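Shown here: target_18.csv, CSV, N, CA and C atoms.
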```csv
chain,number,residue,atom,x,y,z
M,1,MET,N,43.9,-25.7,-91.9
M,1,MET,CA,45.3,-25.2,-91.9
M,1,MET,C,45.2,-23.7,-91.5
M,2,ASN,N,46.1,-23.3,-90.6
M,2,ASN,CA,46.1,-21.9,-90.1
M,2,ASN,C,46.5,-21.0,-91.2
M,3,PRO,N,46.1,-19.7,-91.1
M,3,PRO,CA,46.5,-18.7,-92.1
M,3,PRO,C,48.0,-18.4,-92.2
M,4,GLN,N,48.7,-18.5,-91.1
M,4,GLN,CA,50.1,-18.2,-91.1
M,4,GLN,C,50.8,-19.3,-91.9
M,5,ARG,N,50.4,-20.5,-91.7
M,5,ARG,CA,51.0,-21.6,-92.5
M,5,ARG,C,50.7,-21.5,-94.0
M,6,SER,N,49.5,-21.2,-94.3
M,6,SER,CA,49.1,-21.0,-95.7
M,6,SER,C,49.9,-19.9,-96.3
M,7,GLY,N,50.2,-18.8,-95.6
M,7,GLY,CA,51.0,-17.7,-96.2
M,7,GLY,C,52.4,-18.2,-96.5
M,8,VAL,N,53.0,-18.9,-95.5
M,8,VAL,CA,54.3,-19.4,-95.7
M,8,VAL,C,54.4,-20.4,-97.0
M,9,LEU,N,53.4,-21.3,-97.1
M,9,LEU,CA,53.4,-22.2,-98.2
M,9,LEU,C,53.2,-21.4,-99.5
M,10,ALA,N,52.3,-20.4,-99.5
M,10,ALA,CA,52.1,-19.6,-100.7
M,10,ALA,C,53.4,-18.8,-101.1
M,11,LEU,N,54.2,-18.3,-100.1
M,11,LEU,CA,55.4,-17.7,-100.4
M,11,LEU,C,56.4,-18.6,-100.9
M,12,LEU,N,56.5,-19.8,-100.4
M,12,LEU,CA,57.5,-20.8,-100.9
M,12,LEU,C,57.1,-21.3,-102.3
M,13,ALA,N,55.8,-21.4,-102.6
M,13,ALA,CA,55.4,-21.8,-103.9
M,13,ALA,C,55.7,-20.7,-104.9
M,14,ALA,N,55.5,-19.4,-104.5
M,14,ALA,CA,55.9,-18.3,-105.4
M,14,ALA,C,57.4,-18.3,-105.7
M,15,PHE,N,58.2,-18.5,-104.7
M,15,PHE,CA,59.6,-18.5,-104.8
M,15,PHE,C,60.0,-19.6,-105.8
M,16,ALA,N,59.5,-20.8,-105.6
M,16,ALA,CA,59.8,-22.0,-106.4
M,16,ALA,C,59.4,-21.7,-107.9
M,17,LEU,N,58.2,-21.1,-108.1
M,17,LEU,CA,57.7,-20.8,-109.4
M,17,LEU,C,58.7,-19.7,-110.1
M,18,GLY,N,59.2,-18.8,-109.3
M,18,GLY,CA,60.1,-17.8,-109.8
M,18,GLY,C,61.4,-18.5,-110.3
M,19,ILE,N,61.9,-19.4,-109.5
M,19,ILE,CA,63.1,-20.1,-109.9
M,19,ILE,C,62.9,-20.9,-111.2
M,20,VAL,N,61.8,-21.6,-111.3
M,20,VAL,CA,61.5,-22.4,-112.5
M,20,VAL,C,61.4,-21.4,-113.7
M,21,THR,N,60.7,-20.4,-113.5
M,21,THR,CA,60.5,-19.4,-114.6
M,21,THR,C,61.8,-18.8,-115.1
M,22,GLY,N,62.6,-18.4,-114.1
M,22,GLY,CA,63.9,-17.8,-114.4
M,22,GLY,C,64.8,-18.8,-115.2
M,23,ALA,N,64.8,-20.0,-114.7
M,23,ALA,CA,65.6,-21.1,-115.4
M,23,ALA,C,65.1,-21.3,-116.8
M,24,ALA,N,63.8,-21.3,-117.0
M,24,ALA,CA,63.3,-21.5,-118.4
M,24,ALA,C,63.6,-20.3,-119.3
M,25,LEU,N,63.5,-19.1,-118.8
M,25,LEU,CA,63.8,-17.9,-119.6
M,25,LEU,C,65.3,-17.9,-119.9
M,26,LEU,N,66.2,-18.3,-119.0
M,26,LEU,CA,67.6,-18.3,-119.2
M,26,LEU,C,67.9,-19.4,-120.3
M,27,HIS,N,67.3,-20.5,-120.2
M,27,HIS,CA,67.5,-21.5,-121.2
M,27,HIS,C,67.1,-21.0,-122.6
M,28,LEU,N,65.9,-20.4,-122.7
M,28,LEU,CA,65.5,-19.8,-124.0
M,28,LEU,C,66.4,-18.8,-124.5
M,29,TRP,N,66.9,-17.9,-123.6
M,29,TRP,CA,67.8,-16.9,-124.1
M,29,TRP,C,69.1,-17.5,-124.6
M,30,GLN,N,69.6,-18.5,-123.9
M,30,GLN,CA,70.9,-19.1,-124.4
M,30,GLN,C,70.7,-19.9,-125.7
M,31,ALA,N,69.5,-20.5,-125.8
M,31,ALA,CA,69.2,-21.3,-127.0
M,31,ALA,C,69.1,-20.3,-128.3
M,32,GLU,N,68.6,-19.1,-128.1
M,32,GLU,CA,68.5,-18.1,-129.2
M,32,GLU,C,69.9,-17.7,-129.6
M,33,ARG,N,70.9,-17.7,-128.7
M,33,ARG,CA,72.3,-17.3,-129.1
M,33,ARG,C,73.2,-18.5,-129.5
M,34,GLY,N,72.6,-19.7,-129.5
M,34,GLY,CA,73.4,-20.8,-130.0
M,34,GLY,C,74.2,-21.5,-129.0
M,35,PHE,N,74.0,-21.3,-127.7
M,35,PHE,CA,74.8,-22.0,-126.7
M,35,PHE,C,73.9,-22.5,-125.6
M,36,PRO,N,73.0,-23.5,-125.9
M,36,PRO,CA,72.0,-24.0,-125.0
M,36,PRO,C,72.6,-24.7,-123.7
M,37,GLY,N,73.8,-25.2,-123.8
M,37,GLY,CA,74.3,-26.0,-122.7
M,37,GLY,C,75.1,-25.1,-121.7
M,38,GLY,N,75.2,-23.9,-121.9
M,38,GLY,CA,76.0,-23.0,-121.0
M,38,GLY,C,76.7,-21.9,-121.8
M,39,PRO,N,77.8,-21.4,-121.4
M,39,PRO,CA,78.4,-20.3,-122.1
M,39,PRO,C,78.9,-20.7,-123.5
M,40,PRO,N,79.0,-19.6,-124.3
M,40,PRO,CA,79.5,-19.9,-125.7
M,40,PRO,C,80.9,-20.6,-125.7
M,41,PRO,N,81.1,-21.3,-126.7
M,41,PRO,CA,82.5,-21.9,-126.8
M,41,PRO,C,83.5,-20.8,-127.1
M,42,PRO,N,84.7,-21.0,-126.6
M,42,PRO,CA,85.8,-20.0,-126.9
M,42,PRO,C,86.0,-19.8,-128.3
M,43,ARG,N,86.2,-18.6,-128.7
M,43,ARG,CA,86.5,-18.3,-130.1
M,43,ARG,C,87.9,-18.5,-130.5
M,44,ASP,N,88.1,-18.9,-131.7
M,44,ASP,CA,89.5,-19.1,-132.2
M,44,ASP,C,90.2,-17.7,-132.3
M,45,PRO,N,91.5,-17.7,-132.1
M,45,PRO,CA,92.2,-16.5,-132.4
M,45,PRO,C,92.0,-16.1,-133.8
M,46,PRO,N,92.1,-14.8,-134.1
M,46,PRO,CA,91.8,-14.4,-135.5
M,46,PRO,C,92.7,-15.1,-136.5
M,47,ILE,N,94.0,-15.3,-136.2
M,47,ILE,CA,94.8,-15.9,-137.2
M,47,ILE,C,94.4,-17.4,-137.5
M,48,ALA,N,94.0,-18.1,-136.4
M,48,ALA,CA,93.5,-19.5,-136.6
M,48,ALA,C,92.3,-19.5,-137.5
M,49,HIS,N,91.4,-18.6,-137.3
M,49,HIS,CA,90.2,-18.5,-138.1
M,49,HIS,C,90.5,-18.3,-139.5
M,50,LEU,N,91.4,-17.3,-139.8
M,50,LEU,CA,91.8,-17.0,-141.1
M,50,LEU,C,92.5,-18.2,-141.8
M,51,GLU,N,93.4,-18.8,-141.1
M,51,GLU,CA,94.1,-20.0,-141.6
M,51,GLU,C,93.2,-21.1,-142.0
M,52,ARG,N,92.2,-21.3,-141.2
M,52,ARG,CA,91.2,-22.4,-141.4
M,52,ARG,C,90.3,-22.1,-142.6
M,53,GLU,N,89.8,-20.9,-142.6
M,53,GLU,CA,88.8,-20.5,-143.6
M,53,GLU,C,89.4,-20.2,-145.0
M,54,LEU,N,90.6,-19.6,-145.0
M,54,LEU,CA,91.2,-19.2,-146.2
M,54,LEU,C,92.3,-20.1,-146.7
M,55,HIS,N,92.6,-21.2,-145.9
M,55,HIS,CA,93.7,-22.1,-146.3
M,55,HIS,C,95.0,-21.4,-146.6
M,56,LEU,N,95.4,-20.6,-145.7
M,56,LEU,CA,96.6,-19.8,-145.9
M,56,LEU,C,97.9,-20.6,-146.0
M,57,THR,N,98.8,-20.2,-146.8
M,57,THR,CA,100.1,-20.8,-146.8
M,57,THR,C,100.9,-20.4,-145.6
M,58,PRO,N,102.0,-21.1,-145.2
M,58,PRO,CA,102.8,-20.7,-144.1
M,58,PRO,C,103.3,-19.2,-144.2
M,59,GLU,N,103.7,-18.9,-145.5
M,59,GLU,CA,104.2,-17.5,-145.7
M,59,GLU,C,103.1,-16.5,-145.5
M,60,GLN,N,101.9,-16.7,-146.0
M,60,GLN,CA,100.7,-15.8,-145.8
M,60,GLN,C,100.4,-15.7,-144.3
M,61,SER,N,100.4,-16.8,-143.6
M,61,SER,CA,100.1,-16.8,-142.2
M,61,SER,C,101.1,-16.0,-141.4
M,62,SER,N,102.4,-16.1,-141.7
M,62,SER,CA,103.4,-15.3,-141.1
M,62,SER,C,103.3,-13.8,-141.3
M,63,ARG,N,103.0,-13.5,-142.6
M,63,ARG,CA,102.8,-12.1,-142.9
M,63,ARG,C,101.6,-11.5,-142.3
M,64,ILE,N,100.5,-12.3,-142.2
M,64,ILE,CA,99.3,-11.8,-141.6
M,64,ILE,C,99.5,-11.6,-140.1
M,65,ARG,N,100.2,-12.6,-139.4
M,65,ARG,CA,100.6,-12.4,-138.0
M,65,ARG,C,101.3,-11.1,-137.8
M,66,ALA,N,102.2,-10.7,-138.7
M,66,ALA,CA,102.9,-9.5,-138.5
M,66,ALA,C,102.0,-8.3,-138.6
M,67,VAL,N,101.0,-8.4,-139.6
M,67,VAL,CA,100.0,-7.3,-139.7
M,67,VAL,C,99.2,-7.1,-138.4
M,68,LEU,N,98.8,-8.3,-137.9
M,68,LEU,CA,98.0,-8.3,-136.7
M,68,LEU,C,98.8,-7.7,-135.5
M,69,GLU,N,100.0,-8.1,-135.4
M,69,GLU,CA,100.9,-7.6,-134.3
M,69,GLU,C,101.1,-6.0,-134.5
M,70,GLU,N,101.3,-5.6,-135.7
M,70,GLU,CA,101.4,-4.1,-135.9
M,70,GLU,C,100.2,-3.4,-135.5
M,71,GLY,N,99.0,-4.0,-135.9
M,71,GLY,CA,97.7,-3.4,-135.6
M,71,GLY,C,97.5,-3.3,-134.1
M,72,ARG,N,97.9,-4.4,-133.4
M,72,ARG,CA,97.8,-4.4,-131.9
M,72,ARG,C,98.6,-3.4,-131.3
M,73,THR,N,99.9,-3.2,-131.8
M,73,THR,CA,100.8,-2.2,-131.2
M,73,THR,C,100.2,-0.8,-131.5
M,74,SER,N,99.7,-0.6,-132.7
M,74,SER,CA,99.2,0.7,-133.0
M,74,SER,C,98.0,1.0,-132.1
M,75,PHE,N,97.1,0.0,-131.9
M,75,PHE,CA,95.9,0.2,-131.0
M,75,PHE,C,96.4,0.5,-129.6
M,76,HIS,N,97.4,-0.2,-129.1
M,76,HIS,CA,97.9,0.0,-127.8
M,76,HIS,C,98.4,1.4,-127.6
M,77,ASP,N,99.2,1.9,-128.6
M,77,ASP,CA,99.7,3.2,-128.6
M,77,ASP,C,98.6,4.3,-128.5
M,78,GLN,N,97.5,4.1,-129.3
M,78,GLN,CA,96.4,5.0,-129.3
M,78,GLN,C,95.7,5.0,-128.0
M,79,ALA,N,95.5,3.8,-127.4
M,79,ALA,CA,94.8,3.7,-126.1
M,79,ALA,C,95.7,4.4,-125.0
M,80,GLU,N,97.0,4.3,-125.1
M,80,GLU,CA,97.8,4.9,-124.1
M,80,GLU,C,97.7,6.5,-124.3
M,81,ALA,N,97.7,6.9,-125.5
M,81,ALA,CA,97.5,8.4,-125.7
M,81,ALA,C,96.2,8.9,-125.2
M,82,VAL,N,95.1,8.1,-125.3
M,82,VAL,CA,93.8,8.5,-124.8
M,82,VAL,C,93.9,8.5,-123.3
M,83,ARG,N,94.5,7.5,-122.7
M,83,ARG,CA,94.6,7.5,-121.2
M,83,ARG,C,95.4,8.7,-120.7
M,84,GLY,N,96.5,9.1,-121.4
M,84,GLY,CA,97.2,10.3,-121.0
M,84,GLY,C,96.4,11.5,-121.1
M,85,ARG,N,95.6,11.6,-122.1
M,85,ARG,CA,94.7,12.8,-122.2
M,85,ARG,C,93.7,12.8,-121.1
M,86,ILE,N,93.2,11.7,-120.7
M,86,ILE,CA,92.2,11.6,-119.6
M,86,ILE,C,92.9,12.0,-118.3
M,87,ARG,N,94.1,11.5,-118.1
M,87,ARG,CA,94.8,11.8,-116.8
M,87,ARG,C,95.0,13.3,-116.7
M,88,GLU,N,95.2,14.0,-117.8
M,88,GLU,CA,95.4,15.5,-117.7
M,88,GLU,C,94.2,16.2,-117.1
M,89,VAL,N,93.0,15.6,-117.2
M,89,VAL,CA,91.8,16.3,-116.8
M,89,VAL,C,91.5,16.0,-115.3
M,90,LEU,N,92.1,14.9,-114.8
M,90,LEU,CA,91.8,14.5,-113.4
M,90,LEU,C,92.7,15.1,-112.3
M,91,THR,N,92.1,15.1,-111.1
M,91,THR,CA,92.9,15.6,-110.0
M,91,THR,C,93.9,14.5,-109.6
M,92,PRO,N,94.9,14.8,-108.8
M,92,PRO,CA,95.9,13.8,-108.4
M,92,PRO,C,95.2,12.6,-107.8
M,93,GLU,N,94.2,12.8,-106.9
M,93,GLU,CA,93.6,11.6,-106.3
M,93,GLU,C,92.8,10.8,-107.3
M,94,GLN,N,92.2,11.5,-108.2
M,94,GLN,CA,91.5,10.8,-109.3
M,94,GLN,C,92.4,10.0,-110.2
M,95,ARG,N,93.6,10.6,-110.5
M,95,ARG,CA,94.6,9.9,-111.3
M,95,ARG,C,95.1,8.6,-110.6
M,96,THR,N,95.3,8.6,-109.3
M,96,THR,CA,95.7,7.4,-108.6
M,96,THR,C,94.6,6.3,-108.8
M,97,ARG,N,93.4,6.7,-108.6
M,97,ARG,CA,92.3,5.7,-108.8
M,97,ARG,C,92.1,5.3,-110.2
M,98,PHE,N,92.3,6.2,-111.1
M,98,PHE,CA,92.2,5.9,-112.6
M,98,PHE,C,93.3,4.9,-113.0
M,99,ASP,N,94.5,5.2,-112.5
M,99,ASP,CA,95.7,4.3,-112.8
M,99,ASP,C,95.4,2.9,-112.2
M,100,ALA,N,94.7,2.8,-111.1
M,100,ALA,CA,94.4,1.5,-110.5
M,100,ALA,C,93.4,0.7,-111.3
M,101,MET,N,92.6,1.4,-112.1
M,101,MET,CA,91.6,0.8,-113.0
M,101,MET,C,92.2,0.3,-114.3
M,102,ARG,N,93.4,0.3,-114.5
M,102,ARG,CA,94.1,-0.1,-115.7
M,102,ARG,C,93.7,-1.5,-116.1
M,103,PRO,N,93.3,-1.6,-117.4
M,103,PRO,CA,92.9,-2.9,-117.9
M,103,PRO,C,94.1,-3.9,-117.9
M,104,PRO,N,93.8,-5.2,-118.0
M,104,PRO,CA,94.9,-6.2,-118.1
M,104,PRO,C,95.6,-6.0,-119.4
M,105,PRO,N,96.9,-6.5,-119.4
M,105,PRO,CA,97.7,-6.3,-120.7
M,105,PRO,C,97.0,-7.1,-121.8
M,106,PRO,N,97.2,-6.7,-123.0
M,106,PRO,CA,96.6,-7.4,-124.1
M,106,PRO,C,97.2,-8.8,-124.3
M,107,ARG,N,96.4,-9.7,-124.9
M,107,ARG,CA,96.9,-11.0,-125.2
M,107,ARG,C,97.7,-11.0,-126.5
M,108,PRO,N,98.8,-11.7,-126.6
M,108,PRO,CA,99.5,-11.8,-127.8
M,108,PRO,C,98.7,-12.4,-128.9
M,109,PRO,N,98.8,-12.1,-130.2
M,109,PRO,CA,98.1,-12.7,-131.2
M,109,PRO,C,98.3,-14.2,-131.3
M,110,GLY,N,97.2,-14.9,-131.6
M,110,GLY,CA,97.3,-16.3,-131.7
M,110,GLY,C,97.0,-17.0,-130.4
M,111,ASP,N,96.8,-16.3,-129.3
M,111,ASP,CA,96.3,-16.9,-128.0
M,111,ASP,C,94.9,-17.0,-128.0
```
Any chance you could put this one into structure tokens?
Amino acid sequence: MNPQRSGVLALLAAFALGIVTGAALLHLWQAERGFPGGPPPPRDPPIAHLERELHLTPEQSSRIRAVLEEGRTSFHDQAEAVRGRIREVLTPEQRTRFDAMRPPPPRPPGD
């Protein structure tokens, strides 16, 4: 077998070994975190988790939903205040780019 062909085969073998090793390490990493078959399952919304774990009455559930909504609104207001303070430090060009980086709107509670 010529040396050039041997080099190509060695390179292909190293590449294949890297793929197998990477897949094995990924599998071990996922297994440690409790989701061996792929990404973790979607989490329940906070209210659904509380309803299930605490056996809330409909009245309790309604009142807790209101508390969560109030907290979300308060958090949103605080985030907007921080964004405003950041914008004060930026140049007009930076403000335009910063505004384009705006995160997506928050999800409503229970989603």
Open item on the list: One decimal, in Å: what's the spacing between atom CA of Arg102 of chain M and atom CA of Val67 of chain M?
Closed with: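 One can read the atom CA of Arg102 of chain M to atom CA of Val67 of chain M distance as 25.7 Å.
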Task: d(atom CA of Asn2 of chain M, atom CA of Leu17 of chain M) in Å - done: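 Those two atoms sit 22.5 Å apart.
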Open item on the list: Can you measure atom C of Ala79 of chain M to atom C of Phe98 of chain M for me? One decimal in Å is fine.
Closed with: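 Atom C of Phe98 of chain M lies 12.2 Å from atom C of Ala79 of chain M.
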Open item on the list: Need the shell around Ile64 of chain M: protein/DNA/RNA residues with any atom at most 12 Å away, counting only C-alpha atoms. Skip same-chain ones fewer than 3 positions apart. Format as a PyMOL selection string?
Closed with: chain M and resi 46-51+54+56-61+67-71+109-110
- [ ] Pull the helix (DSSP H, G or I) assignments for segment 12-106 of chain M out of DSSP run on the backbone, and list those residues as a VMD selection string.
- [x] chain M and resid 12 to 32 46 to 54 58 to 89 92 to 100
